[in-house]
file my_file_37.cif (mmCIF, C-alpha atoms and all ligand atoms)
data_start
#
loop_
_atom_site.label_atom_id
_atom_site.label_comp_id
_atom_site.auth_asym_id
_atom_site.auth_seq_id
_atom_site.Cartn_x
_atom_site.Cartn_y
_atom_site.Cartn_z
CA MET A 157 -157.47 -113.30 115.04
CA THR A 158 -155.77 -110.12 116.22
CA LYS A 159 -157.44 -107.06 114.68
CA PHE A 160 -155.10 -104.24 113.65
CA PRO A 161 -156.31 -100.66 113.03
CA GLU A 162 -156.08 -99.78 109.32
CA LEU A 163 -152.99 -97.74 108.50
CA VAL A 164 -151.48 -96.96 105.11
CA PHE A 165 -147.71 -96.85 104.52
CA SER A 166 -145.77 -96.38 101.31
CA GLY A 167 -142.46 -94.98 100.13
CA VAL A 168 -140.71 -93.54 97.10
CA GLN A 169 -136.96 -93.55 96.51
CA PRO A 170 -135.20 -90.21 96.07
CA THR A 171 -133.23 -91.39 93.05
CA GLY A 172 -134.09 -88.61 90.60
CA ASN A 173 -136.30 -88.46 87.51
CA LEU A 174 -139.59 -88.99 89.33
CA HIS A 175 -141.85 -90.10 86.50
CA LEU A 176 -145.39 -90.80 85.37
CA GLY A 177 -145.08 -94.45 86.50
CA ASN A 178 -144.26 -93.37 90.06
CA TYR A 179 -147.13 -90.89 89.88
CA LEU A 180 -149.85 -93.19 88.50
CA GLY A 181 -148.61 -96.39 90.16
CA ALA A 182 -148.15 -94.87 93.60
CA ILE A 183 -148.52 -91.15 94.33
CA VAL A 184 -152.06 -90.78 92.88
CA LYS A 185 -153.17 -93.65 95.13
CA PHE A 186 -151.58 -91.96 98.15
CA VAL A 187 -153.63 -88.85 97.45
CA GLU A 188 -156.86 -90.87 97.22
CA LEU A 189 -156.17 -92.94 100.33
CA GLN A 190 -155.51 -89.93 102.54
CA ASN A 191 -159.25 -89.22 102.46
CA SER A 192 -160.21 -92.59 103.92
CA HIS A 193 -157.20 -93.66 106.00
CA GLN A 194 -154.46 -92.51 108.33
CA CYS A 195 -151.35 -92.52 106.13
CA ILE A 196 -147.58 -92.47 106.45
CA PHE A 197 -145.59 -91.51 103.33
CA CYS A 198 -141.85 -91.92 103.37
CA VAL A 199 -138.98 -90.72 101.20
CA VAL A 200 -136.92 -93.90 101.39
CA ASP A 201 -133.41 -92.49 101.31
CA LEU A 202 -131.84 -95.57 102.96
CA HIS A 203 -133.05 -97.56 99.95
CA ALA A 204 -131.50 -95.02 97.58
CA ILE A 205 -127.97 -95.71 98.86
CA THR A 206 -128.19 -99.39 97.88
CA VAL A 207 -126.68 -98.05 94.63
CA ALA A 208 -124.09 -95.24 94.37
CA GLN A 209 -125.44 -91.71 95.02
CA ASN A 210 -123.90 -88.28 94.81
CA PRO A 211 -124.53 -86.67 98.25
CA ASN A 212 -125.57 -83.27 96.86
CA GLU A 213 -127.92 -84.83 94.32
CA LEU A 214 -129.37 -87.13 96.97
CA LYS A 215 -130.18 -84.16 99.21
CA SER A 216 -131.88 -82.39 96.31
CA ASN A 217 -133.79 -85.55 95.31
CA ILE A 218 -135.06 -86.06 98.87
CA ARG A 219 -136.51 -82.54 98.75
CA GLU A 220 -137.87 -83.16 95.25
CA VAL A 221 -139.84 -86.28 96.24
CA THR A 222 -141.20 -84.44 99.30
CA ALA A 223 -142.22 -81.54 97.04
CA ALA A 224 -143.90 -84.01 94.65
CA PHE A 225 -145.95 -85.54 97.49
CA ILE A 226 -147.18 -82.13 98.59
CA ALA A 227 -147.67 -80.77 95.06
CA ALA A 228 -149.74 -83.85 94.15
CA GLY A 229 -152.07 -83.10 97.06
CA ILE A 230 -150.80 -84.95 100.13
CA ASP A 231 -151.47 -83.00 103.31
CA PRO A 232 -148.38 -83.26 105.57
CA GLU A 233 -150.30 -81.82 108.51
CA LYS A 234 -153.00 -84.51 108.49
CA HIS A 235 -150.68 -87.35 107.51
CA ILE A 236 -147.05 -88.17 108.21
CA VAL A 237 -144.50 -87.25 105.53
CA PHE A 238 -140.83 -87.84 106.38
CA ASN A 239 -137.52 -89.25 105.20
CA GLN A 240 -136.49 -92.70 106.33
CA SER A 241 -132.97 -91.93 107.59
CA GLN A 242 -134.37 -89.62 110.29
CA VAL A 243 -136.09 -92.61 111.91
CA PRO A 244 -133.33 -95.07 112.89
CA GLU A 245 -135.88 -97.72 113.93
CA HIS A 246 -136.30 -98.67 110.22
CA ALA A 247 -132.70 -99.90 110.06
CA GLU A 248 -132.93 -101.43 113.53
CA LEU A 249 -135.99 -103.53 112.67
CA ALA A 250 -134.47 -104.42 109.29
CA TRP A 251 -131.62 -106.12 111.15
CA VAL A 252 -134.09 -108.18 113.16
CA PHE A 253 -135.82 -109.11 109.89
CA ASN A 254 -132.49 -110.08 108.32
CA CYS A 255 -132.41 -112.71 111.03
CA VAL A 256 -136.02 -113.79 110.38
CA ALA A 257 -135.98 -113.88 106.54
CA ARG A 258 -134.33 -116.86 104.83
CA ILE A 259 -131.60 -116.57 102.21
CA GLY A 260 -133.70 -118.74 99.90
CA TRP A 261 -136.50 -116.16 100.02
CA LEU A 262 -134.19 -113.32 99.04
CA ASN A 263 -132.60 -115.40 96.29
CA ARG A 264 -135.97 -115.47 94.54
CA MET A 265 -136.36 -111.68 94.34
CA THR A 266 -136.48 -110.68 90.68
CA GLN A 267 -135.74 -106.99 91.29
CA PHE A 268 -132.33 -107.84 92.75
CA LYS A 269 -131.56 -110.00 89.73
CA GLU A 270 -132.60 -107.21 87.35
CA LYS A 271 -130.79 -104.43 89.19
CA ALA A 272 -127.61 -106.38 89.95
CA GLY A 273 -127.51 -107.68 86.39
CA LYS A 274 -124.53 -109.74 85.31
CA ASP A 275 -122.18 -108.11 87.81
CA ARG A 276 -123.93 -109.66 90.83
CA GLU A 277 -120.71 -110.21 92.80
CA ASN A 278 -120.16 -106.49 92.77
CA ALA A 279 -123.66 -105.46 93.91
CA SER A 280 -123.96 -104.02 97.42
CA VAL A 281 -125.16 -106.21 100.29
CA GLY A 282 -127.77 -103.48 100.80
CA LEU A 283 -129.24 -104.05 97.34
CA TYR A 284 -129.61 -107.73 98.17
CA ALA A 285 -131.18 -107.05 101.57
CA TYR A 286 -133.42 -104.26 100.21
CA PRO A 287 -136.65 -106.27 100.72
CA THR A 288 -136.01 -106.85 104.43
CA LEU A 289 -135.61 -103.08 104.90
CA MET A 290 -138.83 -102.58 102.94
CA ALA A 291 -140.60 -105.03 105.25
CA ALA A 292 -139.26 -103.08 108.22
CA ASP A 293 -140.46 -99.76 106.71
CA ILE A 294 -144.01 -101.09 106.66
CA LEU A 295 -144.05 -103.18 109.81
CA VAL A 296 -142.29 -100.70 112.09
CA TYR A 297 -145.66 -98.86 111.92
CA ARG A 298 -147.64 -102.12 111.89
CA ALA A 299 -149.19 -100.74 108.69
CA THR A 300 -152.01 -102.79 107.16
CA HIS A 301 -152.28 -101.39 103.60
CA VAL A 302 -149.50 -100.58 101.14
CA PRO A 303 -150.25 -98.82 97.83
CA VAL A 304 -147.53 -99.71 95.29
CA GLY A 305 -146.97 -100.38 91.60
CA GLU A 306 -147.00 -103.94 90.20
CA ASP A 307 -143.21 -104.18 90.38
CA GLN A 308 -143.32 -104.20 94.18
CA LYS A 309 -145.74 -107.12 94.49
CA GLN A 310 -143.04 -109.69 95.17
CA HIS A 311 -141.44 -107.53 97.87
CA LEU A 312 -144.83 -107.14 99.55
CA GLU A 313 -145.27 -110.91 99.55
CA LEU A 314 -141.89 -111.20 101.26
CA ALA A 315 -142.96 -108.63 103.88
CA ARG A 316 -146.01 -110.81 104.58
CA ASP A 317 -143.80 -113.91 104.87
CA ILE A 318 -141.55 -112.10 107.34
CA ALA A 319 -144.51 -110.90 109.42
CA GLN A 320 -145.92 -114.42 109.47
CA LYS A 321 -142.62 -116.06 110.43
CA PHE A 322 -141.96 -113.55 113.20
CA ASN A 323 -145.47 -114.08 114.60
CA THR A 324 -145.01 -117.87 114.47
CA ASP A 325 -141.41 -118.08 115.71
CA PHE A 326 -142.15 -115.86 118.70
CA SER A 327 -145.79 -116.77 119.29
CA GLN A 328 -145.24 -117.76 122.93
CA SER A 329 -143.29 -114.61 123.74
CA ILE A 330 -145.84 -112.45 121.86
CA ALA A 331 -148.60 -113.94 123.99
CA ASP A 332 -146.52 -113.65 127.20
CA SER A 333 -145.82 -109.97 126.42
CA GLY A 334 -149.58 -109.37 126.21
CA PHE A 335 -149.88 -108.85 122.43
CA GLY A 336 -152.31 -111.67 121.76
CA GLU A 337 -151.90 -114.06 118.84
CA ALA A 338 -149.87 -111.90 116.46
CA TYR A 339 -147.66 -108.83 116.82
CA PHE A 340 -147.38 -107.85 113.17
CA PRO A 341 -150.30 -107.52 110.74
CA MET A 342 -150.10 -109.14 107.30
CA PRO A 343 -149.80 -106.01 105.13
CA ILE A 344 -152.14 -105.94 102.13
CA PRO A 345 -150.75 -104.66 98.82
CA LEU A 346 -153.02 -102.17 97.05
CA ILE A 347 -152.20 -102.56 93.35
CA GLN A 348 -155.22 -101.15 91.57
CA GLY A 349 -156.40 -99.22 88.54
CA PRO A 350 -155.47 -99.19 84.87
CA ALA A 351 -151.83 -98.08 85.30
CA THR A 352 -150.19 -100.32 87.89
CA ARG A 353 -147.28 -100.93 85.52
CA VAL A 354 -146.58 -97.98 83.24
CA MET A 355 -144.27 -99.00 80.44
CA SER A 356 -141.44 -97.14 78.70
CA LEU A 357 -142.59 -94.81 75.90
CA ARG A 358 -139.80 -96.23 73.73
CA ASP A 359 -140.38 -99.94 74.39
CA GLY A 360 -143.72 -101.36 75.54
CA SER A 361 -142.02 -104.44 77.03
CA LYS A 362 -139.93 -102.44 79.52
CA LYS A 363 -141.14 -100.71 82.69
CA MET A 364 -140.97 -96.90 82.70
CA SER A 365 -138.04 -96.34 85.01
CA LYS A 366 -135.93 -93.60 86.54
CA SER A 367 -132.71 -95.24 85.51
CA ASP A 368 -133.50 -95.65 81.78
CA THR A 369 -130.75 -93.85 79.89
CA SER A 370 -133.26 -92.40 77.41
CA ASP A 371 -135.19 -89.44 78.81
CA TYR A 372 -137.70 -90.04 76.00
CA SER A 373 -138.67 -93.32 77.66
CA ARG A 374 -140.47 -91.50 80.47
CA ILE A 375 -142.47 -88.40 81.32
CA ASN A 376 -140.86 -86.75 84.33
CA LEU A 377 -143.04 -84.88 86.81
CA THR A 378 -140.76 -81.90 86.29
CA ASP A 379 -141.15 -81.85 82.46
CA ASP A 380 -142.61 -78.65 81.00
CA PRO A 381 -145.63 -78.81 78.65
CA GLU A 382 -143.48 -78.64 75.49
CA THR A 383 -141.31 -81.54 76.65
CA ILE A 384 -144.38 -83.62 77.59
CA ALA A 385 -145.84 -82.94 74.12
CA GLN A 386 -142.61 -83.95 72.37
CA LYS A 387 -142.28 -87.17 74.37
CA VAL A 388 -145.89 -88.22 73.74
CA ARG A 389 -145.61 -87.40 70.03
CA LYS A 390 -142.43 -89.46 69.76
CA ALA A 391 -143.82 -92.37 71.81
CA LYS A 392 -143.52 -95.66 69.94
CA THR A 393 -146.78 -96.99 68.46
CA ASP A 394 -147.79 -99.41 65.71
CA SER A 395 -149.42 -98.45 62.43
CA ASP A 396 -152.98 -99.68 63.10
CA ALA A 397 -155.83 -97.49 64.35
CA LEU A 398 -156.93 -97.87 67.97
CA PRO A 399 -159.29 -100.80 68.58
CA SER A 400 -162.81 -100.32 69.96
CA GLU A 401 -162.55 -103.24 72.39
CA ILE A 402 -159.94 -104.14 75.03
CA GLU A 403 -159.21 -107.49 73.30
CA GLY A 404 -157.85 -105.46 70.38
CA LEU A 405 -154.94 -104.31 72.59
CA ILE A 406 -153.57 -107.85 72.94
CA LYS A 407 -150.02 -108.06 71.51
CA ARG A 408 -149.98 -104.28 71.07
CA PRO A 409 -148.01 -103.28 74.22
CA GLU A 410 -147.28 -99.69 73.17
CA ALA A 411 -150.93 -99.02 72.30
CA GLU A 412 -152.05 -100.64 75.53
CA ASN A 413 -149.62 -98.51 77.51
CA LEU A 414 -150.83 -95.21 76.07
CA VAL A 415 -154.47 -96.20 76.56
CA SER A 416 -153.72 -97.20 80.18
CA ILE A 417 -151.98 -93.89 80.82
CA PHE A 418 -154.91 -91.97 79.33
CA ALA A 419 -157.43 -93.98 81.37
CA SER A 420 -155.55 -93.49 84.60
CA LEU A 421 -154.97 -89.74 84.10
CA ASN A 422 -158.65 -89.26 83.21
CA ASN A 423 -159.99 -91.54 85.96
CA GLN A 424 -161.66 -93.79 83.37
CA SER A 425 -161.50 -97.46 82.48
CA LYS A 426 -159.55 -98.58 79.39
CA ALA A 427 -162.86 -99.71 77.88
CA ASP A 428 -164.25 -96.17 78.22
CA VAL A 429 -161.17 -94.70 76.53
CA LEU A 430 -161.52 -97.15 73.65
CA SER A 431 -165.20 -96.42 73.25
CA ASP A 432 -164.20 -92.76 72.69
CA PHE A 433 -161.11 -93.35 70.54
CA GLY A 434 -161.70 -96.75 68.88
CA GLY A 435 -161.12 -96.49 65.12
CA LYS A 436 -159.12 -93.23 65.46
CA ASN A 437 -155.47 -93.04 64.47
CA PHE A 438 -152.64 -92.42 66.90
CA SER A 439 -152.02 -88.83 65.90
CA SER A 440 -155.43 -87.67 67.13
CA PHE A 441 -155.23 -89.89 70.23
CA LYS A 442 -151.76 -88.59 71.05
CA ALA A 443 -152.95 -84.99 70.68
CA ALA A 444 -155.70 -85.68 73.23
CA LEU A 445 -153.19 -87.43 75.51
CA VAL A 446 -150.84 -84.43 75.36
CA ASP A 447 -153.69 -82.08 76.38
CA LEU A 448 -154.70 -84.39 79.23
CA ALA A 449 -151.14 -84.97 80.48
CA VAL A 450 -150.34 -81.26 80.42
CA LEU A 451 -153.61 -80.46 82.21
CA LYS A 452 -152.96 -83.01 84.98
CA LEU A 453 -149.18 -82.88 85.34
CA GLY A 454 -148.45 -79.23 84.44
CA PRO A 455 -149.73 -77.76 87.74
CA ILE A 456 -147.90 -80.45 89.75
CA GLY A 457 -144.60 -79.69 88.03
CA LEU A 458 -145.01 -75.95 88.63
CA GLU A 459 -145.90 -76.44 92.29
CA MET A 460 -142.97 -78.84 92.75
CA ALA A 461 -140.60 -76.20 91.36
CA ARG A 462 -142.06 -73.55 93.67
CA LEU A 463 -141.87 -75.79 96.76
CA LYS A 464 -138.37 -77.01 95.97
CA LYS A 465 -137.09 -73.44 96.22
CA ASP A 466 -138.44 -73.25 99.76
CA GLU A 467 -135.92 -75.63 101.32
CA ALA A 468 -136.64 -74.44 104.86
CA TYR A 469 -140.30 -75.40 104.49
CA ILE A 470 -139.54 -78.84 103.00
CA ASP A 471 -136.93 -79.59 105.66
CA GLN A 472 -139.34 -78.57 108.39
CA VAL A 473 -142.06 -80.90 106.95
CA LEU A 474 -139.56 -83.77 107.01
CA SER A 475 -138.34 -82.99 110.50
CA LYS A 476 -141.86 -82.71 111.97
CA GLY A 477 -142.97 -85.84 110.11
CA SER A 478 -139.94 -87.76 111.38
CA HIS A 479 -140.74 -86.87 114.99
CA ARG A 480 -144.30 -88.10 114.55
CA ALA A 481 -143.12 -91.26 112.79
CA ARG A 482 -140.56 -91.94 115.50
CA GLU A 483 -143.17 -91.89 118.24
CA ILE A 484 -144.82 -94.92 116.60
CA ALA A 485 -141.63 -96.65 115.47
CA SER A 486 -139.86 -96.41 118.82
CA GLN A 487 -142.80 -98.07 120.57
CA THR A 488 -142.69 -100.92 118.04
CA MET A 489 -138.96 -101.41 118.66
CA LYS A 490 -139.53 -101.50 122.43
CA ASP A 491 -142.19 -104.18 121.91
CA VAL A 492 -140.00 -106.15 119.49
CA LYS A 493 -137.05 -106.07 121.91
CA SER A 494 -139.27 -107.34 124.68
CA ILE A 495 -140.60 -110.13 122.42
CA LEU A 496 -137.04 -111.10 121.38
CA GLY A 497 -135.82 -111.19 124.99
CA PHE A 498 -133.43 -108.22 124.87
CA ILE A 499 -132.77 -106.41 128.14
CA GLN A 500 -133.73 -102.73 127.90
N1 LIG B 601 -143.37 -97.96 85.70
C1 LIG B 601 -144.09 -97.96 86.81
N2 LIG B 601 -145.43 -98.14 86.76
C2 LIG B 601 -146.19 -98.13 87.91
N3 LIG B 601 -145.65 -97.93 89.14
C3 LIG B 601 -144.32 -97.74 89.22
N4 LIG B 601 -143.50 -97.53 90.25
C4 LIG B 601 -142.23 -97.39 89.81
N5 LIG B 601 -142.19 -97.53 88.48
C5 LIG B 601 -143.48 -97.75 88.07
C6 LIG B 601 -143.96 -97.43 91.64
O1 LIG B 601 -143.52 -96.18 92.16
C7 LIG B 601 -143.29 -96.34 93.57
C8 LIG B 601 -141.97 -95.73 93.90
O2 LIG B 601 -140.94 -96.46 93.23
P1 LIG B 601 -139.47 -96.31 93.77
O3 LIG B 601 -138.99 -94.95 93.55
O4 LIG B 601 -139.41 -96.69 95.18
O5 LIG B 601 -138.59 -97.34 93.04
P2 LIG B 601 -138.52 -98.04 91.67
O6 LIG B 601 -139.65 -99.00 91.51
O7 LIG B 601 -137.20 -98.65 91.71
O8 LIG B 601 -138.60 -96.89 90.59
P3 LIG B 601 -137.97 -97.04 89.16
O9 LIG B 601 -138.39 -95.90 88.36
O10 LIG B 601 -138.28 -98.37 88.60
O11 LIG B 601 -136.44 -96.91 89.45
P4 LIG B 601 -135.25 -97.72 88.82
O12 LIG B 601 -135.02 -97.14 87.49
O13 LIG B 601 -134.13 -97.44 89.78
O14 LIG B 601 -135.66 -99.16 88.78
C9 LIG B 601 -143.40 -97.83 93.87
O15 LIG B 601 -144.67 -98.08 94.46
C10 LIG B 601 -143.31 -98.47 92.53
O16 LIG B 601 -144.02 -99.69 92.47
#
call {"tool": "encode", "arguments": {"input": "my_file_37.cif", "output": "structure tokens"}}
result
Amino acid sequence: MTKFPELVFSGVQPTGNLHLGNYLGAIVKFVELQNSHQCIFCVVDLHAITVAQNPNELKSNIREVTAAFIAAGIDPEKHIVFNQSQVPEHAELAWVFNCVARIGWLNRMTQFKEKAGKDRENASVGLYAYPTLMAADILVYRATHVPVGEDQKQHLELARDIAQKFNTDFSQSIADSGFGEAYFPMPIPLIQGPATRVMSLRDGSKKMSKSDTSDYSRINLTDDPETIAQKVRKAKTDSDALPSEIEGLIKRPEAENLVSIFASLNNQSKADVLSDFGGKNFSSFKAALVDLAVLKLGPIGLEMARLKKDEAYIDQVLSKGSHRAREIASQTMKDVKSILGFIQ
């Protein structure tokens, strides 16, 4: 078996309203992993344009996600932080993967079905092909580990299928080109911790999402302490007290969500949270959650606001990061072209 050096890759879309789900499901993990791994963190702006974007807002959102990475604790000197559109090899490899992936595989993707909704005929081709671009994002660096929220699990499985099919279809050429048994690693999804799927504060059956029309459904990383407090206080709950055991959260999605958020923000397990709050009513639990959320998110929001004003700094981080990313990505594309039989 070919052994690949461990490398972490992940991305966040610059589509506005960066929220607690993005933070706990992804960004917090990025911050942890940077201590043990080489990491590449990408603002995936090519993914953003799979749905309509206002150019000025897009530019501002690209800077906002970059500011969030840095404000949360990612070190752009030690690791690579950049925006996808500055590294054309992502789109180039995505085309190759469009020719490797099968239509049947893409037809099974639930995110496309959810996002395209009933008006599927009118969805962009880009939205449909989104998972092949995501596979290219990861594999253009031959990354081995990908921290993501639960919702991205299916796309990660597709990336593994693409890597496998490429390695199999071109096995002879891969060997002839001197790359051994496999050119691409099988990227491992890292979906861990108590908050891999943060739910809407208004409806425990729906994912917390940037595009929810109700701002009360999510806590944005840019919310001030008063807004965070209001949103937590208004979060939907049931009328029972909190249970003392995890089993007591079954069929209580809103309670489970708030307990998961608390556990994740406080670096605890859900069982630990329930051993502290079991038997208490929601008003006292929510008051503790407000204090915790403000303590953890308040400084990030303030730092994001400060960094966002320094556009020259953010743009320079992205430009430097893109150059570093391109050094790796361009080598991969050279290798892939040689494997495919292109003259270069
Ligand atoms: N609710 C969530 N809980 C846990 N993780 C989440 N992620 C997103 N929502 C949750 C994770 O955040 C990372 C970045 O997501 P993204 O910006 O690339 O795209 P997304 O999943 O499309 O974000 P939204 O908020 O869900 O946007 P819309 O409203 O457009 O659908 C990913 O790792 C994702 O898993």
call {"tool": "residues_around", "arguments": {"input": "my_file_37.cif", "residues": "Val207 (chain A)", "least_positions_apart": "3", "cutoff": "12 Å", "atoms": "only C-alpha atoms", "output": "PyMOL selection string"}}
result
chain A and resi 169-171+201-204+210+214+268+271-272+278-284+286+367
call {"tool": "residues_around", "arguments": {"input": "my_file_37.cif", "residues": "Val184 (chain A)", "least_positions_apart": "4", "cutoff": "10 Å", "atoms": "all atoms listed in the file", "output": "PDB file with C-alpha atoms, keeping the file's coordinate frame"}}
result
ATOM      1  CA  ASN A 178    -144.260 -93.370  90.060  1.00  0.00           C
ATOM      2  CA  TYR A 179    -147.130 -90.890  89.880  1.00  0.00           C
ATOM      3  CA  LEU A 180    -149.850 -93.190  88.500  1.00  0.00           C
ATOM      4  CA  GLU A 188    -156.860 -90.870  97.220  1.00  0.00           C
ATOM      5  CA  LEU A 189    -156.170 -92.940 100.330  1.00  0.00           C
ATOM      6  CA  PHE A 225    -145.950 -85.540  97.490  1.00  0.00           C
ATOM      7  CA  ALA A 228    -149.740 -83.850  94.150  1.00  0.00           C
ATOM      8  CA  GLY A 229    -152.070 -83.100  97.060  1.00  0.00           C
ATOM      9  CA  ILE A 230    -150.800 -84.950 100.130  1.00  0.00           C
ATOM     10  CA  PRO A 303    -150.250 -98.820  97.830  1.00  0.00           C
ATOM     11  CA  SER A 420    -155.550 -93.490  84.600  1.00  0.00           C
ATOM     12  CA  LEU A 421    -154.970 -89.740  84.100  1.00  0.00           C
TER      13      LEU A 421
END
call {"tool": "residues_near_point", "arguments": {"input": "my_file_37.cif", "point": "(-145.3, -117.6, 108.6)", "cutoff": "12 Å", "atoms": "all atoms listed in the file", "output": "list in words"}}
result
Val256, Ala257, Arg258, Glu313, Leu314, Ala315, Arg316, Asp317, Ile318, Ala319, Gln320, Lys321, Phe322, Asn323, Thr324, Asp325, Phe326, Ser327, Ala338, Phe340, Pro341 and Met342 of chain A
call {"tool": "residues_around", "arguments": {"input": "my_file_37.cif", "residues": "Ala351 (chain A)", "least_positions_apart": "6", "cutoff": "8 Å", "atoms": "all atoms listed in the file", "output": "list of chain:residue names"}}
result
A:Gly177, A:Leu180, A:Gly181, A:Ser416, A:Ile417, A:Ala419, A:Ser420
call {"tool": "write_last_selection", "arguments": {"input": "my_file_37.cif", "atoms": "C-alpha atoms", "output": "short mmCIF file (atom, residue, chain, number, x, y, z; two decimals), keeping the file's coordinate frame"}}
result
data_model
loop_
_atom_site.label_atom_id
_atom_site.label_comp_id
_atom_site.auth_asym_id
_atom_site.auth_seq_id
_atom_site.Cartn_x
_atom_site.Cartn_y
_atom_site.Cartn_z
CA GLY A 177 -145.08 -94.45 86.50
CA LEU A 180 -149.85 -93.19 88.50
CA GLY A 181 -148.61 -96.39 90.16
CA SER A 416 -153.72 -97.20 80.18
CA ILE A 417 -151.98 -93.89 80.82
CA ALA A 419 -157.43 -93.98 81.37
CA SER A 420 -155.55 -93.49 84.60
#
call {"tool": "residues_around", "arguments": {"input": "my_file_37.cif", "residues": "Thr352 (chain A)", "least_positions_apart": "2", "cutoff": "7 Å", "atoms": "all atoms listed in the file", "output": "PyMOL selection string"}}
result
chain A and resi 181+305-306+347-350+354
call {"tool": "write_last_selection", "arguments": {"input": "my_file_37.cif", "atoms": "C-alpha atoms", "output": "PDB file, in the coordinates of the input"}}
result
ATOM      1  CA  GLY A 181    -148.610 -96.390  90.160  1.00  0.00           C
ATOM      2  CA  GLY A 305    -146.970-100.380  91.600  1.00  0.00           C
ATOM      3  CA  GLU A 306    -147.000-103.940  90.200  1.00  0.00           C
ATOM      4  CA  ILE A 347    -152.200-102.560  93.350  1.00  0.00           C
ATOM      5  CA  GLN A 348    -155.220-101.150  91.570  1.00  0.00           C
ATOM      6  CA  GLY A 349    -156.400 -99.220  88.540  1.00  0.00           C
ATOM      7  CA  PRO A 350    -155.470 -99.190  84.870  1.00  0.00           C
ATOM      8  CA  VAL A 354    -146.580 -97.980  83.240  1.00  0.00           C
TER       9      VAL A 354
END
call {"tool": "closest_residue", "arguments": {"input": "my_file_37.cif", "among": "A:Leu312, A:Leu451, A:Val252, A:Val243", "to": "ligand LIG 601 (chain B)", "atoms": "all atoms listed in the file"}}
result
A:Leu312
call {"tool": "closest_residue", "arguments": {"input": "my_file_37.cif", "among": "A:Pro244, A:Gly360, A:Pro211, A:Pro161", "to": "Ser486 (chain A)", "atoms": "all atoms listed in the file"}}
result
A:Pro244
call {"tool": "decode", "arguments": {"input": "my_file_37.cif", "residues": "region 399-403 of chain A", "atoms": "all heavy atoms", "output": "PDB file, in the first residue's frame"}}
result
ATOM      1  N   PRO A 399     -32.919  16.267  31.407  1.00  0.00           N
ATOM      2  CA  PRO A 399     -32.726  14.937  32.005  1.00  0.00           C
ATOM      3  C   PRO A 399     -31.318  14.820  32.612  1.00  0.00           C
ATOM      4  O   PRO A 399     -30.444  15.629  32.311  1.00  0.00           O
ATOM      5  CB  PRO A 399     -32.855  14.004  30.804  1.00  0.00           C
ATOM      6  CG  PRO A 399     -32.387  14.818  29.647  1.00  0.00           C
ATOM      7  CD  PRO A 399     -32.778  16.238  29.932  1.00  0.00           C
ATOM      8  N   SER A 400     -31.120  13.798  33.426  1.00  0.00           N
ATOM      9  CA  SER A 400     -29.787  13.588  34.012  1.00  0.00           C
ATOM     10  C   SER A 400     -28.951  12.628  33.176  1.00  0.00           C
ATOM     11  O   SER A 400     -27.738  12.542  33.352  1.00  0.00           O
ATOM     12  CB  SER A 400     -29.918  13.008  35.421  1.00  0.00           C
ATOM     13  OG  SER A 400     -30.714  13.866  36.186  1.00  0.00           O
ATOM     14  N   GLU A 401     -29.641  11.877  32.297  1.00  0.00           N
ATOM     15  CA  GLU A 401     -28.930  10.881  31.464  1.00  0.00           C
ATOM     16  C   GLU A 401     -29.172  11.194  29.983  1.00  0.00           C
ATOM     17  O   GLU A 401     -30.214  11.733  29.617  1.00  0.00           O
ATOM     18  CB  GLU A 401     -29.504   9.466  31.706  1.00  0.00           C
ATOM     19  CG  GLU A 401     -29.635   9.049  33.156  1.00  0.00           C
ATOM     20  CD  GLU A 401     -28.287   8.706  33.769  1.00  0.00           C
ATOM     21  OE1 GLU A 401     -27.393   8.302  32.996  1.00  0.00           O
ATOM     22  OE2 GLU A 401     -28.134   8.866  34.990  1.00  0.00           O
ATOM     23  N   ILE A 402     -28.208  10.781  29.153  1.00  0.00           N
ATOM     24  CA  ILE A 402     -28.308  11.031  27.702  1.00  0.00           C
ATOM     25  C   ILE A 402     -29.592  10.445  27.105  1.00  0.00           C
ATOM     26  O   ILE A 402     -30.199  11.052  26.217  1.00  0.00           O
ATOM     27  CB  ILE A 402     -27.092  10.414  26.987  1.00  0.00           C
ATOM     28  CG1 ILE A 402     -25.835  11.156  27.430  1.00  0.00           C
ATOM     29  CG2 ILE A 402     -27.269  10.424  25.490  1.00  0.00           C
ATOM     30  CD1 ILE A 402     -24.864  11.516  26.376  1.00  0.00           C
ATOM     31  N   GLU A 403     -29.994   9.264  27.593  1.00  0.00           N
ATOM     32  CA  GLU A 403     -31.201   8.601  27.037  1.00  0.00           C
ATOM     33  C   GLU A 403     -32.411   9.531  27.153  1.00  0.00           C
ATOM     34  O   GLU A 403     -33.343   9.465  26.363  1.00  0.00           O
ATOM     35  CB  GLU A 403     -31.518   7.289  27.777  1.00  0.00           C
ATOM     36  CG  GLU A 403     -30.477   6.191  27.619  1.00  0.00           C
ATOM     37  CD  GLU A 403     -29.181   6.471  28.339  1.00  0.00           C
ATOM     38  OE1 GLU A 403     -29.237   6.987  29.475  1.00  0.00           O
ATOM     39  OE2 GLU A 403     -28.109   6.212  27.752  1.00  0.00           O
TER      40      GLU A 403
END
